[in-house]
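Q: Supplied in structure tokens, the structure appears directly below.
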Amino acid sequence: MELDAIAPPELEQIERLGNADLVIGILDGEGQEQGGSAVETTREALTDLSEPLRAVVVSNNGTHSPSEENSQQPIVLSCSLPLAALGETPQQSISNAYRRVFAVGGKLGVRACGVIVSRPQTATRRWIYRLVQPVLDLGFDLVAPCYTRQKMEGLLNRSVLSPLHQALYGERLQNPMGPDFGLSGKLLQKILRQDLSRRGAEANALASIASSAASGGFQVCESHLGVRTQRPTDWSNLSSLLAEVLGAAFLEMEGRATQWQSVRGSKILPRFGAPETPPADSGTTAVDAHGDVHGMIESFQLGTRNLQDIWGLILPPTTLLELRRLSRLPEDRFRLPDNLWARVVYDFALGHRLRTISRDHLLRSITPLYLGWIASYTLEMQTAGLGEVDSRIERLAKAYEDNKSYLVSRWRWPDRFNP
Amino acid sequence: MWDEVGQALSDSMTKMLSQAASLLPGIVALMTALLVSALLAWAVAAILRRSLAGFEFDRRVAQWGFPTLAEVSPSSSPTLLVTRAIACVIVLIGFLIGFSAFDGALPSQFVIRLFAYLPDVMAAIVVLIAGSIIARFMARSVLIGAVNMNLQYARLLSVGVKWLVTVLAVTIAIERLGIGGGIIRLAFGILFGGIVLALALAVGLGSKELVSRSLERETSKTSSQNAHEPVGHL
């Protein structure tokens, strides 16, 4: 089904090839032209590996390039996916492209698969190497990315995705939703099988990779990939981003409830490669942060004033009371406690599962709370170094773990009185 | 002469008694219909109450956005409200069946006209329920969207949209029932236009400063984010 998106000549070429060792997906949410460099970069990356491999490069720039089949070693074929369909969000487009790369990998029975999504223009042979080498040479099933980040980058990952994954599945991953991953053929086949049975409009291929590996007992590690270039933040569309990303994460959480309920504690995973030094902070001065924080706190206060009726259907009374108290604090004392934030996320996940209100309303109504968390984090980390930021995030993850019993209890008995 | 008077009284008595006797089957039929319908209503209400309790209807009604339904319900229970309403409808139908058992054109015509009117009543009820659900859904969407856009008058917008949809639904329902005729249309036009004008005034004039401040803040926030790119979410 996913293979239908590939042009017939390229599909024939894949069928002629029969099998391959590796499939590399070079995907771009904007479908920009990567030129012929993807094939060359892959070929260069493969020469660093310990054995000669047959590889297929899949890109989604929509241009059907002629076959690269030649006698050059290692053999690298290329095929293209169509550009994102009209009306598709970047997340959906990437998710669909991911599925197609997996389908190509499944068809060829590959041993490993590497997918690079973060601005492929910056992807180097080192990225490809670091994503597939632990799979091919060290026997890992999933290589998750570890990026060099500024303290105000990856906030949704820091505040929700990473600590939630850690608390649920017991694995400390910096980026559970990638988007750059290396996978073994075994894990790829498992994801393909479950993807067919669990596909839905809200399902996101990216959300299921790390959780499939964790709950399936696969070997997981992380690789330092360096700095990740991202698109500028679209503040006017923040609630859509939250709805899409958190919706996928909560849906995944619902589907694996029987597995994560028995997980206790968390473990540190092996990390490969050397971490890069982050570039100088690009102008996030205290004044900038202060200006932004003021707006975020105002959004939080506005939400607290107006969304009580909606939050009241999702959050218990004590949480609402604490949020109201928080909204009355002066800006310099504005701090969202970790335990409160963890419980808020858990309650929203539960509300999503119970369909307490329309799922879209539920997910969008978390936006002022998320802005409140960012404001609190920004104020707290204004003068902090990157080391302090890491320990701050570890404390947050610990709060998620500590409150997991609350989640499990509410998940099992949602109607039980909860003050 | 006394014989004739006696005869007249006897005839009158016989006539009255025979007329009363002719009503008796109708009365018995009415009472039987009422009794059967009451029993049926009781049984249906009991089954429905049990089913709705199993379905956690009271909690779900609040979740669906009708918390006020509990306030107007007997014992604050929407389940009781629904079961009693259905029981009343069954008893009413039983009464109408019993009433039509009487001989005579008037009861029959009354019942026929009432039954002919029932589809309109049902359609009006459906329109009101659908209108209420849509109004609440849209009000919630507007409220969340406006809060996320940092608009200070979010609640006002939400209430305005809710009333717009509600007024529209009520007007359609009343028109369906054939009450009021042209006056209803006129009243609807005035009310609808009034709400729209009030919203426009609130947004355009009353909140002029707030809007410009909101927009300025949004613009400066977006441009400063784009210039420095200090925040990334994923």
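Simple scheme: letters A, B, ... for chains in structure tokens order, numbers from 1 for residues in each chain, numbers from 1 for ligands in the order shown.
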What parts of segment 232-406 of chain A does DSSP call strand (DSSP E)? I'd like the answer as a ChimeraX atom specification.
A: /A:267-268,271-272
Q: Write the residues of the preceding selection, restricted to N, CA and C atoms, as a PDB file, in the first residue's frame.
A:
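Saved file result.pdb follows:
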```pdb
ATOM      1  N   LYS A 267      16.238   3.422  33.355  1.00  0.00           N
ATOM      2  CA  LYS A 267      17.665   3.119  33.208  1.00  0.00           C
ATOM      3  C   LYS A 267      18.309   4.079  32.209  1.00  0.00           C
ATOM      4  N   ILE A 268      19.612   4.294  32.416  1.00  0.00           N
ATOM      5  CA  ILE A 268      20.364   5.141  31.483  1.00  0.00           C
ATOM      6  C   ILE A 268      20.777   4.267  30.303  1.00  0.00           C
ATOM      7  N   ARG A 271      25.263   5.723  25.156  1.00  0.00           N
ATOM      8  CA  ARG A 271      25.308   6.837  24.191  1.00  0.00           C
ATOM      9  C   ARG A 271      26.595   6.744  23.390  1.00  0.00           C
ATOM     10  N   PHE A 272      26.496   6.888  22.076  1.00  0.00           N
ATOM     11  CA  PHE A 272      27.679   6.807  21.213  1.00  0.00           C
ATOM     12  C   PHE A 272      28.002   8.167  20.623  1.00  0.00           C
TER      13      PHE A 272
END
```
Q: Just asking: which residues within segment 84-242 of chain A are alpha helix (DSSP H) according to DSSP, as a PyMOL selection string?
A: chain A and resi 90-108+125-138+155-156+162-169+185-198+205-215+238-242
Q: Using only C-alpha atoms, determine which residues lie at most 8 Å from segment 45-52 of chain B, disregarding the query and same-chain residues fewer than 4 positions distant; provide the list as a tab-separated table (two decimals) with C-alpha atoms, in the first residue's frame.
A:
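Dumped everything to out.tsv:
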```tsv
chain	number	residue	atom	x	y	z
B	41	ALA	CA	-44.39	3.61	31.79
B	56	GLU	CA	-23.10	6.48	33.85
B	57	PHE	CA	-25.44	8.87	32.13
B	79	THR	CA	-31.28	10.10	34.52
B	80	LEU	CA	-34.41	10.76	36.59
B	83	THR	CA	-36.90	8.47	32.65
B	84	ARG	CA	-39.74	10.62	34.05
B	86	ILE	CA	-40.40	9.19	28.86
B	87	ALA	CA	-42.85	7.82	31.44
```
Q: Need the shell around Leu199 of chain B: protein/DNA/RNA residues with any atom at most 8 Å away, counting only C-alpha atoms. Skip same-chain ones fewer than 4 positions apart. Format as a PyMOL selection string?
A: chain B and resi 156-157+160+195+203
Q: Could you work out how far atom CA of Ala342 of chain A lies from atom CA of Val142 of chain B, giving the answer in Å with one decimal?
A: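 A separation of 27.4 Å between them.
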Q: Excluding Ala187 of chain B and its own-chain neighbours fewer than 6 positions away, which residues fall within 12 Å of it when counting only C-alpha atoms? Please give them as a PyMOL selection string.
A: chain B and resi 167-168+170-171+174-175+180-181+193-194
Q: Next, write the just-selected residues to a file, as a PDB file, in the first residue's frame, keeping N, CA and C atoms as the atom set.
A:
```pdb
ATOM      1  N   VAL B 167     -30.159  30.930  19.478  1.00  0.00           N
ATOM      2  CA  VAL B 167     -31.290  31.715  18.957  1.00  0.00           C
ATOM      3  C   VAL B 167     -31.756  31.123  17.621  1.00  0.00           C
ATOM      4  N   LEU B 168     -30.789  30.755  16.793  1.00  0.00           N
ATOM      5  CA  LEU B 168     -31.131  30.157  15.495  1.00  0.00           C
ATOM      6  C   LEU B 168     -31.923  28.861  15.686  1.00  0.00           C
ATOM      7  N   VAL B 170     -33.667  27.844  18.362  1.00  0.00           N
ATOM      8  CA  VAL B 170     -34.983  28.093  18.975  1.00  0.00           C
ATOM      9  C   VAL B 170     -35.960  28.623  17.919  1.00  0.00           C
ATOM     10  N   THR B 171     -35.468  29.509  17.063  1.00  0.00           N
ATOM     11  CA  THR B 171     -36.348  30.066  16.022  1.00  0.00           C
ATOM     12  C   THR B 171     -36.828  28.980  15.061  1.00  0.00           C
ATOM     13  N   ILE B 174     -39.458  26.895  16.903  1.00  0.00           N
ATOM     14  CA  ILE B 174     -40.758  27.574  17.063  1.00  0.00           C
ATOM     15  C   ILE B 174     -41.479  27.644  15.719  1.00  0.00           C
ATOM     16  N   GLU B 175     -40.716  27.917  14.668  1.00  0.00           N
ATOM     17  CA  GLU B 175     -41.330  27.995  13.342  1.00  0.00           C
ATOM     18  C   GLU B 175     -41.898  26.634  12.938  1.00  0.00           C
ATOM     19  N   GLY B 180     -46.572  31.729  16.234  1.00  0.00           N
ATOM     20  CA  GLY B 180     -46.080  33.093  16.040  1.00  0.00           C
ATOM     21  C   GLY B 180     -46.016  33.597  14.616  1.00  0.00           C
ATOM     22  N   GLY B 181     -45.661  32.732  13.669  1.00  0.00           N
ATOM     23  CA  GLY B 181     -45.586  33.135  12.262  1.00  0.00           C
ATOM     24  C   GLY B 181     -44.537  34.204  12.017  1.00  0.00           C
ATOM     25  N   GLY B 193     -29.350  39.917  14.622  1.00  0.00           N
ATOM     26  CA  GLY B 193     -28.616  41.123  14.244  1.00  0.00           C
ATOM     27  C   GLY B 193     -28.058  41.831  15.462  1.00  0.00           C
ATOM     28  N   GLY B 194     -28.866  41.835  16.548  1.00  0.00           N
ATOM     29  CA  GLY B 194     -28.428  42.490  17.781  1.00  0.00           C
ATOM     30  C   GLY B 194     -27.188  41.836  18.353  1.00  0.00           C
TER      31      GLY B 194
END
```
Q: Could you pull the residues within 10 Å of Arg359 of chain A, counting only C-alpha atoms, minus those fewer than 6 positions along the same chain, as a list in words?
A: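 With the cut-off at 10 Å, the set is Ala243, Gly247, Phe348, Gly351, His352, Arg353 and Ser365 of chain A.
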Q: Could you please take those selected residues and save C-alpha atoms as a PDB file, in the first residue's frame?
A:
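Okay, out.pdb is ready:
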```
ATOM      1  CA  ALA A 243      -2.532  18.821  19.543  1.00  0.00           C
ATOM      2  CA  GLY A 247      -2.331  13.538  20.583  1.00  0.00           C
ATOM      3  CA  PHE A 348      -4.687  15.316  30.251  1.00  0.00           C
ATOM      4  CA  GLY A 351      -8.849  12.806  29.766  1.00  0.00           C
ATOM      5  CA  HIS A 352      -7.690  11.982  26.243  1.00  0.00           C
ATOM      6  CA  ARG A 353      -8.207   8.297  26.875  1.00  0.00           C
ATOM      7  CA  SER A 365      -6.693  23.670  25.940  1.00  0.00           C
TER       8      SER A 365
END
```
Q: Have a look at A:Cys221, A:Val389, A:Leu136, A:Leu251 and name the one nearest to Leu173 of chain A; count only C-alpha atoms.
A: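 Comparing A:Cys221, A:Val389, A:Leu136, A:Leu251 against Leu173 of chain A, the winner is A:Cys221.
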Q: Please identify all polymer residues within 8 Å of Ala38 of chain B, counting only C-alpha atoms, omitting same-chain residues fewer than 4 positions from it, and present them as a PyMOL selection string.
A: chain B and resi 34+42+87+90-91+94
Q: Export N, CA and C atoms of the chosen residues as a PDB file, in the first residue's frame?
A:
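And here's selection25.pdb as it stands now:
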```pdb
ATOM      1  N   LEU B  34     -55.242   4.052  30.734  1.00  0.00           N
ATOM      2  CA  LEU B  34     -54.370   4.787  31.667  1.00  0.00           C
ATOM      3  C   LEU B  34     -53.596   3.827  32.562  1.00  0.00           C
ATOM      4  N   TRP B  42     -44.048   2.683  33.987  1.00  0.00           N
ATOM      5  CA  TRP B  42     -43.254   2.314  35.165  1.00  0.00           C
ATOM      6  C   TRP B  42     -42.175   1.295  34.779  1.00  0.00           C
ATOM      7  N   ALA B  87     -41.666   8.389  30.782  1.00  0.00           N
ATOM      8  CA  ALA B  87     -42.848   7.820  31.441  1.00  0.00           C
ATOM      9  C   ALA B  87     -44.075   8.703  31.202  1.00  0.00           C
ATOM     10  N   ILE B  90     -45.416   8.201  27.725  1.00  0.00           N
ATOM     11  CA  ILE B  90     -46.160   6.935  27.585  1.00  0.00           C
ATOM     12  C   ILE B  90     -47.563   7.074  28.187  1.00  0.00           C
ATOM     13  N   VAL B  91     -47.639   7.700  29.361  1.00  0.00           N
ATOM     14  CA  VAL B  91     -48.955   7.892  30.007  1.00  0.00           C
ATOM     15  C   VAL B  91     -49.834   8.790  29.131  1.00  0.00           C
ATOM     16  N   GLY B  94     -51.177   6.827  26.336  1.00  0.00           N
ATOM     17  CA  GLY B  94     -52.242   5.973  26.868  1.00  0.00           C
ATOM     18  C   GLY B  94     -53.539   6.747  27.061  1.00  0.00           C
TER      19      GLY B  94
END
```
Q: At a cut-off of 7 Å, which residues of chain A touch chain B? Count only C-alpha atoms and give the answer as a PyMOL selection string.
A: chain A and resi 152-157+232-233+235+282-284+292+299+302-303+306+313+356-357+361+364-365+367-368
Q: Provide the atom CA of Gly139 of chain A to atom CA of Ser184 of chain A distance in Å, to one decimal place.
A: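 A separation of 8.1 Å between them.
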Q: Calculate how many Å separate atom CA of Pro337 of chain A from atom CA of Arg392 of chain A, rounding to one decimal.
A: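 Atom CA of Arg392 of chain A lies at a distance of 11.7 Å from atom CA of Pro337 of chain A.
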Q: With only C-alpha atoms as the basis for distance, which of A:Asp360, A:Glu15, A:Leu53, A:Ser212 is at the shortest distance from Gln259 of chain A?
A: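 Of A:Asp360, A:Glu15, A:Leu53, A:Ser212, the one nearest Gln259 of chain A, counting only C-alpha atoms, is A:Ser212.
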